[in-house]
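For reference, structure_8.pdb is printed below; it contains PDB, C-alpha atoms and all ligand atoms.
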```
ATOM      1  CA  MET A 226       0.000   0.000   0.000  1.00  0.00           C
ATOM      2  CA  ARG A 227       1.313   3.447  -0.914  1.00  0.00           C
ATOM      3  CA  LEU A 228       0.466   6.250   1.445  1.00  0.00           C
ATOM      4  CA  PRO A 229       2.495   9.326   0.549  1.00  0.00           C
ATOM      5  CA  ALA A 230       2.776  12.072   3.126  1.00  0.00           C
ATOM      6  CA  THR A 231       1.487  14.735   0.780  1.00  0.00           C
ATOM      7  CA  TYR A 232      -1.782  15.099  -1.048  1.00  0.00           C
ATOM      8  CA  ASN A 233      -1.643  14.112  -4.659  1.00  0.00           C
ATOM      9  CA  ARG A 234      -1.738  16.349  -7.689  1.00  0.00           C
ATOM     10  CA  VAL A 235      -5.461  16.026  -8.266  1.00  0.00           C
ATOM     11  CA  ALA A 236      -6.187  18.342  -5.360  1.00  0.00           C
ATOM     12  CA  ASP A 237      -3.303  20.638  -6.179  1.00  0.00           C
ATOM     13  CA  SER A 238      -4.362  21.025  -9.772  1.00  0.00           C
ATOM     14  CA  ASN A 239      -7.884  21.999  -8.858  1.00  0.00           C
ATOM     15  CA  SER A 240      -7.142  25.676  -8.500  1.00  0.00           C
ATOM     16  CA  ASN A 241      -7.743  26.088 -12.231  1.00  0.00           C
ATOM     17  CA  THR A 242     -11.088  24.325 -12.213  1.00  0.00           C
ATOM     18  CA  THR A 243     -14.109  26.454 -13.107  1.00  0.00           C
ATOM     19  CA  ILE A 244     -17.813  25.862 -12.858  1.00  0.00           C
ATOM     20  CA  SER A 245     -19.651  26.979 -15.973  1.00  0.00           C
ATOM     21  CA  THR A 246     -22.809  28.419 -14.541  1.00  0.00           C
ATOM     22  CA  THR A 247     -24.185  31.842 -13.964  1.00  0.00           C
ATOM     23  CA  ASP A 248     -25.911  30.814 -10.752  1.00  0.00           C
ATOM     24  CA  ASN A 249     -24.617  33.036  -7.957  1.00  0.00           C
ATOM     25  CA  ASN A 250     -24.799  30.409  -5.233  1.00  0.00           C
ATOM     26  CA  TYR A 251     -22.840  28.008  -7.301  1.00  0.00           C
ATOM     27  CA  LEU A 252     -20.169  30.568  -8.022  1.00  0.00           C
ATOM     28  CA  ARG A 253     -19.902  31.184  -4.292  1.00  0.00           C
ATOM     29  CA  ILE A 254     -19.436  27.446  -3.729  1.00  0.00           C
ATOM     30  CA  ASN A 255     -16.787  27.446  -6.414  1.00  0.00           C
ATOM     31  CA  ARG A 256     -14.707  30.148  -4.745  1.00  0.00           C
ATOM     32  CA  SER A 257     -14.880  28.199  -1.482  1.00  0.00           C
ATOM     33  CA  ALA A 258     -13.734  25.121  -3.357  1.00  0.00           C
ATOM     34  CA  PHE A 259     -10.576  26.911  -4.374  1.00  0.00           C
ATOM     35  CA  ARG A 260      -9.775  27.781  -0.771  1.00  0.00           C
ATOM     36  CA  MET A 261     -10.514  24.288   0.486  1.00  0.00           C
ATOM     37  CA  SER A 262      -9.109  22.215  -2.327  1.00  0.00           C
ATOM     38  CA  LYS A 263      -6.064  20.850  -0.531  1.00  0.00           C
ATOM     39  CA  LYS A 264      -7.892  20.147   2.693  1.00  0.00           C
ATOM     40  CA  THR A 265     -10.992  18.394   1.528  1.00  0.00           C
ATOM     41  CA  THR A 266     -10.422  16.286  -1.560  1.00  0.00           C
ATOM     42  CA  GLY A 267      -6.853  15.057  -1.213  1.00  0.00           C
ATOM     43  CA  LEU A 268      -6.619  11.336  -1.828  1.00  0.00           C
ATOM     44  CA  LEU A 269      -4.258   9.628   0.603  1.00  0.00           C
ATOM     45  CA  SER A 270      -2.633   7.375  -1.964  1.00  0.00           C
ATOM     46  CA  THR A 271      -1.601   7.571  -5.588  1.00  0.00           C
ATOM     47  CA  THR A 272      -2.486   4.954  -8.171  1.00  0.00           C
ATOM     48  CA  VAL A 273       0.304   2.478  -8.853  1.00  0.00           C
ATOM     49  CA  PRO A 274       2.038   2.947 -12.241  1.00  0.00           C
ATOM     50  CA  GLU A 275       1.077  -0.600 -13.288  1.00  0.00           C
ATOM     51  CA  TRP A 276      -2.580   0.445 -13.410  1.00  0.00           C
ATOM     52  CA  ILE A 277      -2.195   2.512 -16.583  1.00  0.00           C
ATOM     53  CA  ASP A 278      -0.230  -0.306 -18.246  1.00  0.00           C
ATOM     54  CA  THR A 279      -3.162  -2.625 -17.547  1.00  0.00           C
ATOM     55  CA  VAL A 280      -5.622  -0.065 -18.943  1.00  0.00           C
ATOM     56  CA  LEU A 281      -3.674   0.673 -22.119  1.00  0.00           C
ATOM     57  CA  ALA A 282      -3.199  -3.057 -22.783  1.00  0.00           C
ATOM     58  CA  ASP A 283      -6.983  -3.385 -23.209  1.00  0.00           C
ATOM     59  CA  PHE A 284      -8.399   0.073 -23.736  1.00  0.00           C
ATOM     60  CA  ASP A 285     -11.638  -1.284 -25.204  1.00  0.00           C
ATOM     61  CA  ALA A 286     -12.361  -3.026 -21.892  1.00  0.00           C
ATOM     62  CA  PHE A 287     -11.508   0.153 -20.005  1.00  0.00           C
ATOM     63  CA  LEU A 288     -13.863   2.257 -22.159  1.00  0.00           C
ATOM     64  CA  THR A 289     -16.676  -0.229 -21.623  1.00  0.00           C
ATOM     65  CA  ASP A 290     -16.170  -0.178 -17.849  1.00  0.00           C
ATOM     66  CA  HIS A 291     -15.834   3.595 -17.853  1.00  0.00           C
ATOM     67  CA  ALA A 292     -19.156   4.017 -19.683  1.00  0.00           C
ATOM     68  CA  ASN A 293     -20.810   1.869 -17.013  1.00  0.00           C
ATOM     69  CA  CYS A 294     -19.238   3.993 -14.257  1.00  0.00           C
ATOM     70  CA  GLU A 295     -20.664   7.185 -15.767  1.00  0.00           C
ATOM     71  CA  ARG A 296     -24.088   5.600 -16.134  1.00  0.00           C
ATOM     72  CA  LYS A 297     -23.990   4.381 -12.525  1.00  0.00           C
ATOM     73  CA  ALA A 298     -22.839   7.814 -11.301  1.00  0.00           C
ATOM     74  CA  ASN A 299     -25.919   9.304 -12.951  1.00  0.00           C
ATOM     75  CA  ALA A 300     -28.144   6.612 -11.413  1.00  0.00           C
ATOM     76  CA  LEU A 301     -26.670   7.124  -7.928  1.00  0.00           C
ATOM     77  CA  LEU A 302     -27.326  10.857  -8.075  1.00  0.00           C
ATOM     78  CA  MET A 303     -30.904  10.335  -9.233  1.00  0.00           C
ATOM     79  CA  SER A 304     -31.477   7.808  -6.439  1.00  0.00           C
ATOM     80  CA  MET A 305     -30.209  10.309  -3.864  1.00  0.00           C
ATOM     81  CA  ILE A 306     -32.620  12.927  -5.162  1.00  0.00           C
ATOM     82  CA  VAL A 307     -35.485  10.476  -4.638  1.00  0.00           C
ATOM     83  CA  LYS A 308     -34.178   9.327  -1.256  1.00  0.00           C
ATOM     84  CA  TYR A 309     -33.810  12.816   0.230  1.00  0.00           C
ATOM     85  CA  PRO A 310     -36.689  14.938  -1.105  1.00  0.00           C
ATOM     86  CA  ASP A 311     -36.564  17.207   1.969  1.00  0.00           C
ATOM     87  CA  ARG A 312     -32.949  18.241   1.293  1.00  0.00           C
ATOM     88  CA  ARG A 313     -34.103  20.999  -0.990  1.00  0.00           C
ATOM     89  CA  ALA A 314     -30.858  22.967  -1.017  1.00  0.00           C
ATOM     90  CA  MET A 315     -28.926  20.138  -2.621  1.00  0.00           C
ATOM     91  CA  ILE A 316     -31.449  18.894  -5.169  1.00  0.00           C
ATOM     92  CA  PRO A 317     -30.722  21.457  -7.942  1.00  0.00           C
ATOM     93  CA  ARG A 318     -26.986  20.737  -7.542  1.00  0.00           C
ATOM     94  CA  LEU A 319     -27.487  16.984  -7.734  1.00  0.00           C
ATOM     95  CA  ILE A 320     -29.705  17.355 -10.815  1.00  0.00           C
ATOM     96  CA  GLU A 321     -26.937  19.371 -12.452  1.00  0.00           C
ATOM     97  CA  LEU A 322     -24.309  16.752 -11.563  1.00  0.00           C
ATOM     98  CA  ALA A 323     -26.613  13.971 -12.807  1.00  0.00           C
ATOM     99  CA  GLN A 324     -26.958  15.779 -16.136  1.00  0.00           C
ATOM    100  CA  GLU A 325     -23.178  16.041 -16.416  1.00  0.00           C
ATOM    101  CA  GLU A 326     -22.722  12.337 -15.644  1.00  0.00           C
ATOM    102  CA  LEU A 327     -25.305  11.443 -18.283  1.00  0.00           C
ATOM    103  CA  GLU A 328     -23.404  13.616 -20.755  1.00  0.00           C
ATOM    104  CA  HIS A 329     -20.163  11.831 -19.814  1.00  0.00           C
ATOM    105  CA  PHE A 330     -21.924   8.514 -20.421  1.00  0.00           C
ATOM    106  CA  ALA A 331     -23.110   9.683 -23.857  1.00  0.00           C
ATOM    107  CA  GLU A 332     -19.628  10.907 -24.775  1.00  0.00           C
ATOM    108  CA  THR A 333     -17.959   7.708 -23.583  1.00  0.00           C
ATOM    109  CA  TYR A 334     -20.493   5.636 -25.467  1.00  0.00           C
ATOM    110  CA  ALA A 335     -19.759   7.648 -28.631  1.00  0.00           C
ATOM    111  CA  PHE A 336     -16.114   6.521 -28.392  1.00  0.00           C
ATOM    112  CA  MET A 337     -17.341   2.947 -27.899  1.00  0.00           C
ATOM    113  CA  GLU A 338     -19.587   3.186 -30.965  1.00  0.00           C
ATOM    114  CA  LYS A 339     -16.660   4.319 -33.108  1.00  0.00           C
ATOM    115  CA  ARG A 340     -14.777   1.206 -32.016  1.00  0.00           C
ATOM    116  CA  GLY A 341     -17.761  -1.087 -32.554  1.00  0.00           C
ATOM    117  CA  LEU A 342     -18.027  -1.881 -28.844  1.00  0.00           C
ATOM    118  CA  LEU A 343     -21.200  -2.977 -27.076  1.00  0.00           C
ATOM    119  CA  LEU A 344     -22.280  -1.893 -23.614  1.00  0.00           C
ATOM    120  CA  SER A 345     -21.904  -4.629 -21.034  1.00  0.00           C
ATOM    121  CA  LYS A 346     -24.118  -5.683 -18.171  1.00  0.00           C
ATOM    122  CA  ASP A 347     -23.379  -4.443 -14.688  1.00  0.00           C
ATOM    123  CA  THR A 348     -20.803  -6.387 -12.759  1.00  0.00           C
ATOM    124  CA  PRO A 349     -20.168  -5.862  -9.048  1.00  0.00           C
ATOM    125  CA  ASP A 350     -17.641  -3.088  -8.401  1.00  0.00           C
ATOM    126  CA  PRO A 351     -15.674  -4.206  -5.321  1.00  0.00           C
ATOM    127  CA  TYR A 352     -14.257  -0.717  -4.819  1.00  0.00           C
ATOM    128  CA  VAL A 353     -17.610   1.068  -4.752  1.00  0.00           C
ATOM    129  CA  ASN A 354     -19.309  -1.723  -2.815  1.00  0.00           C
ATOM    130  CA  GLN A 355     -16.679  -1.702  -0.057  1.00  0.00           C
ATOM    131  CA  LEU A 356     -16.942   2.051   0.281  1.00  0.00           C
ATOM    132  CA  LEU A 357     -20.748   2.005   0.379  1.00  0.00           C
ATOM    133  CA  ALA A 358     -20.649  -0.743   3.008  1.00  0.00           C
ATOM    134  CA  SER A 359     -18.849   1.676   5.317  1.00  0.00           C
ATOM    135  CA  ALA A 360     -21.753   4.167   5.350  1.00  0.00           C
ATOM    136  CA  ARG A 361     -23.060   4.583   8.877  1.00  0.00           C
ATOM    137  CA  HIS A 362     -26.682   4.200   9.930  1.00  0.00           C
ATOM    138  CA  GLY A 363     -28.768   7.053  11.253  1.00  0.00           C
ATOM    139  CA  ARG A 364     -30.501   9.740   9.233  1.00  0.00           C
ATOM    140  CA  ASP A 365     -27.760  12.360   9.208  1.00  0.00           C
ATOM    141  CA  GLU A 366     -24.829   9.934   9.387  1.00  0.00           C
ATOM    142  CA  ARG A 367     -26.015   8.018   6.354  1.00  0.00           C
ATOM    143  CA  TYR A 368     -26.667  11.170   4.354  1.00  0.00           C
ATOM    144  CA  ILE A 369     -23.239  12.593   5.232  1.00  0.00           C
ATOM    145  CA  ASP A 370     -21.481   9.332   4.399  1.00  0.00           C
ATOM    146  CA  ARG A 371     -23.260   8.887   1.088  1.00  0.00           C
ATOM    147  CA  LEU A 372     -22.179  12.331  -0.054  1.00  0.00           C
ATOM    148  CA  LEU A 373     -18.628  11.945   1.251  1.00  0.00           C
ATOM    149  CA  ILE A 374     -18.276   8.511  -0.353  1.00  0.00           C
ATOM    150  CA  ALA A 375     -19.506  10.021  -3.621  1.00  0.00           C
ATOM    151  CA  SER A 376     -16.847  12.721  -3.230  1.00  0.00           C
ATOM    152  CA  VAL A 377     -14.078  10.183  -2.578  1.00  0.00           C
ATOM    153  CA  ILE A 378     -15.122   8.141  -5.627  1.00  0.00           C
ATOM    154  CA  GLU A 379     -15.069  11.305  -7.746  1.00  0.00           C
ATOM    155  CA  SER A 380     -11.586  12.171  -6.484  1.00  0.00           C
ATOM    156  CA  ARG A 381     -10.194   8.757  -7.439  1.00  0.00           C
ATOM    157  CA  GLY A 382     -11.931   8.926 -10.800  1.00  0.00           C
ATOM    158  CA  ALA A 383     -10.397  12.346 -11.395  1.00  0.00           C
ATOM    159  CA  GLU A 384      -6.908  11.113 -10.493  1.00  0.00           C
ATOM    160  CA  ARG A 385      -7.203   8.171 -12.870  1.00  0.00           C
ATOM    161  CA  PHE A 386      -8.677  10.216 -15.725  1.00  0.00           C
ATOM    162  CA  ARG A 387      -5.674  12.512 -15.413  1.00  0.00           C
ATOM    163  CA  ILE A 388      -3.362   9.503 -15.671  1.00  0.00           C
ATOM    164  CA  VAL A 389      -5.207   8.319 -18.798  1.00  0.00           C
ATOM    165  CA  ALA A 390      -5.070  11.831 -20.314  1.00  0.00           C
ATOM    166  CA  GLU A 391      -1.328  12.016 -19.727  1.00  0.00           C
ATOM    167  CA  ASN A 392      -0.557   8.573 -21.123  1.00  0.00           C
ATOM    168  CA  ILE A 393      -2.877   7.916 -24.038  1.00  0.00           C
ATOM    169  CA  THR A 394      -1.513   8.744 -27.493  1.00  0.00           C
ATOM    170  CA  ASP A 395      -4.836   9.420 -29.262  1.00  0.00           C
ATOM    171  CA  PRO A 396      -5.233  13.233 -29.043  1.00  0.00           C
ATOM    172  CA  GLU A 397      -9.042  13.096 -29.106  1.00  0.00           C
ATOM    173  CA  LEU A 398      -9.136  10.679 -26.171  1.00  0.00           C
ATOM    174  CA  ALA A 399      -6.439  12.658 -24.334  1.00  0.00           C
ATOM    175  CA  ALA A 400      -8.539  15.828 -24.618  1.00  0.00           C
ATOM    176  CA  PHE A 401     -11.655  13.952 -23.506  1.00  0.00           C
ATOM    177  CA  TYR A 402      -9.986  12.531 -20.395  1.00  0.00           C
ATOM    178  CA  GLU A 403      -8.442  15.864 -19.523  1.00  0.00           C
ATOM    179  CA  LYS A 404     -11.905  17.421 -19.612  1.00  0.00           C
ATOM    180  CA  LEU A 405     -13.315  14.612 -17.463  1.00  0.00           C
ATOM    181  CA  TRP A 406     -10.493  14.878 -14.933  1.00  0.00           C
ATOM    182  CA  LYS A 407     -11.264  18.563 -14.331  1.00  0.00           C
ATOM    183  CA  CYS A 408     -14.994  17.924 -14.198  1.00  0.00           C
ATOM    184  CA  GLU A 409     -14.762  15.080 -11.659  1.00  0.00           C
ATOM    185  CA  VAL A 410     -12.519  17.178  -9.397  1.00  0.00           C
ATOM    186  CA  LYS A 411     -15.271  19.787  -9.405  1.00  0.00           C
ATOM    187  CA  HIS A 412     -17.853  17.124  -8.522  1.00  0.00           C
ATOM    188  CA  ALA A 413     -15.737  15.925  -5.597  1.00  0.00           C
ATOM    189  CA  HIS A 414     -15.752  19.464  -4.199  1.00  0.00           C
ATOM    190  CA  VAL A 415     -19.449  20.068  -4.682  1.00  0.00           C
ATOM    191  CA  PHE A 416     -20.417  17.121  -2.442  1.00  0.00           C
ATOM    192  CA  VAL A 417     -18.216  18.341   0.407  1.00  0.00           C
ATOM    193  CA  LEU A 418     -19.278  21.935   0.068  1.00  0.00           C
ATOM    194  CA  LEU A 419     -22.956  21.007   0.101  1.00  0.00           C
ATOM    195  CA  LEU A 420     -22.353  19.221   3.408  1.00  0.00           C
ATOM    196  CA  ASN A 421     -20.416  22.173   4.808  1.00  0.00           C
ATOM    197  CA  GLN A 422     -23.456  24.361   4.212  1.00  0.00           C
ATOM    198  CA  GLU A 423     -25.569  22.118   6.455  1.00  0.00           C
ATOM    199  CA  TYR A 424     -23.171  20.736   9.064  1.00  0.00           C
ATOM    200  CA  ASP A 425     -20.134  21.654  11.113  1.00  0.00           C
ATOM    201  CA  GLU A 426     -17.173  21.877   8.752  1.00  0.00           C
ATOM    202  CA  ALA A 427     -14.684  20.304  11.198  1.00  0.00           C
ATOM    203  CA  MET A 428     -16.983  17.294  11.719  1.00  0.00           C
ATOM    204  CA  ILE A 429     -17.412  16.849   7.961  1.00  0.00           C
ATOM    205  CA  ASN A 430     -13.685  17.163   7.386  1.00  0.00           C
ATOM    206  CA  ALA A 431     -12.897  14.569  10.096  1.00  0.00           C
ATOM    207  CA  ARG A 432     -15.274  12.024   8.568  1.00  0.00           C
ATOM    208  CA  HIS A 433     -13.968  12.843   5.098  1.00  0.00           C
ATOM    209  CA  GLN A 434     -10.434  12.055   6.258  1.00  0.00           C
ATOM    210  CA  GLU A 435     -11.593   8.722   7.726  1.00  0.00           C
ATOM    211  CA  LEU A 436     -13.202   7.772   4.429  1.00  0.00           C
ATOM    212  CA  LEU A 437     -10.151   8.875   2.441  1.00  0.00           C
ATOM    213  CA  ALA A 438      -7.993   6.623   4.634  1.00  0.00           C
ATOM    214  CA  LEU A 439     -10.396   3.730   4.107  1.00  0.00           C
ATOM    215  CA  GLU A 440     -10.398   4.415   0.364  1.00  0.00           C
ATOM    216  CA  ALA A 441      -6.597   4.220   0.244  1.00  0.00           C
ATOM    217  CA  THR A 442      -6.743   0.822   1.953  1.00  0.00           C
ATOM    218  CA  ILE A 443      -9.429  -0.443  -0.419  1.00  0.00           C
ATOM    219  CA  VAL A 444      -7.537   0.730  -3.514  1.00  0.00           C
ATOM    220  CA  ALA A 445      -4.364  -0.972  -2.298  1.00  0.00           C
ATOM    221  CA  GLY A 446      -6.238  -4.270  -2.080  1.00  0.00           C
ATOM    222  CA  LEU A 447      -7.819  -4.148  -5.540  1.00  0.00           C
ATOM    223  CA  GLU A 448      -6.760  -6.491  -8.288  1.00  0.00           C
ATOM    224  CA  LEU A 449      -5.420  -4.532 -11.271  1.00  0.00           C
ATOM    225  CA  ARG A 450      -7.752  -4.740 -14.259  1.00  0.00           C
ATOM    226  CA  PRO A 451      -8.556  -2.611 -17.313  1.00  0.00           C
ATOM    227  CA  ALA A 452     -11.219  -0.702 -15.414  1.00  0.00           C
ATOM    228  CA  LEU A 453     -11.589   2.573 -13.554  1.00  0.00           C
ATOM    229  CA  HIS A 454     -11.388   0.743 -10.203  1.00  0.00           C
TER     230      HIS A 454
HETATM  231 FE    FE B 501     -18.439  11.630 -14.857  1.00  0.00          FE
HETATM  232 FE    FE B 502     -18.551  12.913 -11.500  1.00  0.00          FE
END
```
For the structure just supplied, provide its representation as structure tokens.
Amino acid sequence: MRLPATYNRVADSNSNTTISTTDNNYLRINRSAFRMSKKTTGLLSTTVPEWIDTVLADFDAFLTDHANCERKANALLMSMIVKYPDRRAMIPRLIELAQEELEHFAETYAFMEKRGLLLSKDTPDPYVNQLLASARHGRDERYIDRLLIASVIESRGAERFRIVAENITDPELAAFYEKLWKCEVKHAHVFVLLLNQEYDEAMINARHQELLALEATIVAGLELRPALH
């Protein structure tokens, strides 16, 4: 298991991320995200170099898995909207994120179509399932954990999209993964900042750190495969 002392470059690079909306609240969230970027979304481990070798050795399999991840990200957001109808402040944000994930799915599928690839059925994702299993019970605890777990998953996705962008030779795919990397970093921040608007920031940060530590342990135990996780 690799646990470097410093936060990785995903968090550091976020200072250039922008949110393309004219909504004033959202812009306010965005400025906070810049201030908090190093504190709140720093993964506690970096992906091993062998991961990208595995991905590039079967990029078709990676694309197929990636499309499923985007589709499931959209589905998870929509399920949260249904599950928490009284959390009115977050619903417009989650709808916006869900729309972006659906767009990512469409774009990823377009690359699959060009390669003559078919979508595959869902297979269990041990990474996501282990993280979700750690969500606490209790109304607030479960809500907080679901959003923080979503943030952690976004952070790892962002880190790995950056690695793909920096290593793939196809310029169209490199540009696509660079765009996704920046977008998923933004998503990771939005979840945390939504929680900080409702709860004590120190409490949210402490739980976030616990989940980031758990995530590093889970990632270290994953079998390498041509997939996002
Ligand atoms: Fe996405
Ligand atoms: Fe995302």
Hits from the PyMOL selection byres (((not hetatm)) within 12 of (chain B and resi 501)), listed as a PyMOL selection string: chain A and resi 291-302+321-333+375-376+378-383+385-386+401-413+453
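Atom pair atom CA of A:Ala390 / atom CA of A:Leu281: separated by 11.4 Å.
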Shortest interatomic distance to A:Val389 - which of A:Val415, A:Ile277, A:Ile369, A:Ala360, counting all atoms listed in the file: A:Ile277
Close residues, A:Phe284 itself excluded, 12 Å, only C-alpha atoms, min 2 positions apart in chain, as a ChimeraX atom specification: /A:276-282,286-291,336-337,340,342,389,392-395,398,450-453
Limited to C-alpha atoms, could you put the picked residues into a file as a tab-separated table (two decimals), keeping the file's coordinate frame?
```tsv
chain	number	residue	atom	x	y	z
A	276	TRP	CA	-2.58	0.44	-13.41
A	277	ILE	CA	-2.19	2.51	-16.58
A	278	ASP	CA	-0.23	-0.31	-18.25
A	279	THR	CA	-3.16	-2.62	-17.55
A	280	VAL	CA	-5.62	-0.06	-18.94
A	281	LEU	CA	-3.67	0.67	-22.12
A	282	ALA	CA	-3.20	-3.06	-22.78
A	286	ALA	CA	-12.36	-3.03	-21.89
A	287	PHE	CA	-11.51	0.15	-20.00
A	288	LEU	CA	-13.86	2.26	-22.16
A	289	THR	CA	-16.68	-0.23	-21.62
A	290	ASP	CA	-16.17	-0.18	-17.85
A	291	HIS	CA	-15.83	3.60	-17.85
A	336	PHE	CA	-16.11	6.52	-28.39
A	337	MET	CA	-17.34	2.95	-27.90
A	340	ARG	CA	-14.78	1.21	-32.02
A	342	LEU	CA	-18.03	-1.88	-28.84
A	389	VAL	CA	-5.21	8.32	-18.80
A	392	ASN	CA	-0.56	8.57	-21.12
A	393	ILE	CA	-2.88	7.92	-24.04
A	394	THR	CA	-1.51	8.74	-27.49
A	395	ASP	CA	-4.84	9.42	-29.26
A	398	LEU	CA	-9.14	10.68	-26.17
A	450	ARG	CA	-7.75	-4.74	-14.26
A	451	PRO	CA	-8.56	-2.61	-17.31
A	452	ALA	CA	-11.22	-0.70	-15.41
A	453	LEU	CA	-11.59	2.57	-13.55
```
Å distance separating atom CA of A:Tyr424 from atom CA of A:Glu384, one decimal place: 27.2 Å
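You can rank A:Asp311, A:Leu449, A:Val377, A:Leu439 by their closest distance to ligand FE 502 (chain B) using only C-alpha atoms and all ligand atoms, and at the top of that list sits A:Val377.
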Using all atoms listed in the file: which of A:Asp285, A:Ile374, A:His454, A:Met428 has the shortest distance to A:Ser345: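 Closest to A:Ser345 of all the choices is A:Asp285.
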Among the residues A:His414, A:His362, A:Ile316, A:Glu391, the one that comes closest to ligand FE 502 (chain B) [using all atoms listed in the file]: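 Under the stated criterion, the closest residue is A:His414.
With atom CA of A:Ala441 on one side and atom CA of A:Ser270 on the other, the separation reads 5.5 Å.
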Once 4 Å is added on each side, what are the centre and the three edge lengths, in Å to one decimal, of the axis-aligned box enclosing the listed atoms of stretch 378-395 of chain A? Present them as JSON.
```
{"center_x": -7.8, "center_y": 10.2, "center_z": -17.4, "size_x": 22.6, "size_y": 12.6, "size_z": 31.6}
```
Residues in the PyMOL selection byres (((chain A and resi 442) around 12) and not hetatm), expressed as a list in words: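 Output from the PyMOL selection byres (((chain A and resi 442) around 12) and not hetatm), applied to this file: Met226, Arg227, Leu228, Leu268, Leu269, Ser270, Thr271, Thr272, Tyr352, Gln355, Leu356, Glu435, Leu436, Leu437, Ala438, Leu439, Glu440, Ala441, Ile443, Val444, Ala445, Gly446 and Leu447 of chain A.
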Those residues you just picked out, can you put them in a file as an mmCIF file, in the frame of the given file with C-alpha atoms?
```cif
data_model
loop_
_atom_site.group_PDB
_atom_site.id
_atom_site.type_symbol
_atom_site.label_atom_id
_atom_site.label_comp_id
_atom_site.auth_asym_id
_atom_site.auth_seq_id
_atom_site.Cartn_x
_atom_site.Cartn_y
_atom_site.Cartn_z
ATOM 1 C CA MET A 226 0.000 0.000 0.000
ATOM 2 C CA ARG A 227 1.313 3.447 -0.914
ATOM 3 C CA LEU A 228 0.466 6.250 1.445
ATOM 4 C CA LEU A 268 -6.619 11.336 -1.828
ATOM 5 C CA LEU A 269 -4.258 9.628 0.603
ATOM 6 C CA SER A 270 -2.633 7.375 -1.964
ATOM 7 C CA THR A 271 -1.601 7.571 -5.588
ATOM 8 C CA THR A 272 -2.486 4.954 -8.171
ATOM 9 C CA TYR A 352 -14.257 -0.717 -4.819
ATOM 10 C CA GLN A 355 -16.679 -1.702 -0.057
ATOM 11 C CA LEU A 356 -16.942 2.051 0.281
ATOM 12 C CA GLU A 435 -11.593 8.722 7.726
ATOM 13 C CA LEU A 436 -13.202 7.772 4.429
ATOM 14 C CA LEU A 437 -10.151 8.875 2.441
ATOM 15 C CA ALA A 438 -7.993 6.623 4.634
ATOM 16 C CA LEU A 439 -10.396 3.730 4.107
ATOM 17 C CA GLU A 440 -10.398 4.415 0.364
ATOM 18 C CA ALA A 441 -6.597 4.220 0.244
ATOM 19 C CA ILE A 443 -9.429 -0.443 -0.419
ATOM 20 C CA VAL A 444 -7.537 0.730 -3.514
ATOM 21 C CA ALA A 445 -4.364 -0.972 -2.298
ATOM 22 C CA GLY A 446 -6.238 -4.270 -2.080
ATOM 23 C CA LEU A 447 -7.819 -4.148 -5.540
#
```
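With all atoms listed in the file as the basis for measurement, A:Phe416 is the residue among A:Phe416, A:Ile388, A:Asp365, A:Gly267 that approaches ligand FE 502 (chain B) most closely.
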Counting all atoms listed in the file, the option among A:Leu319, A:Asp283, A:Glu366, A:Val353 closest to ligand FE 502 (chain B):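 Ranked by minimum distance to ligand FE 502 (chain B), first place goes to A:Leu319.
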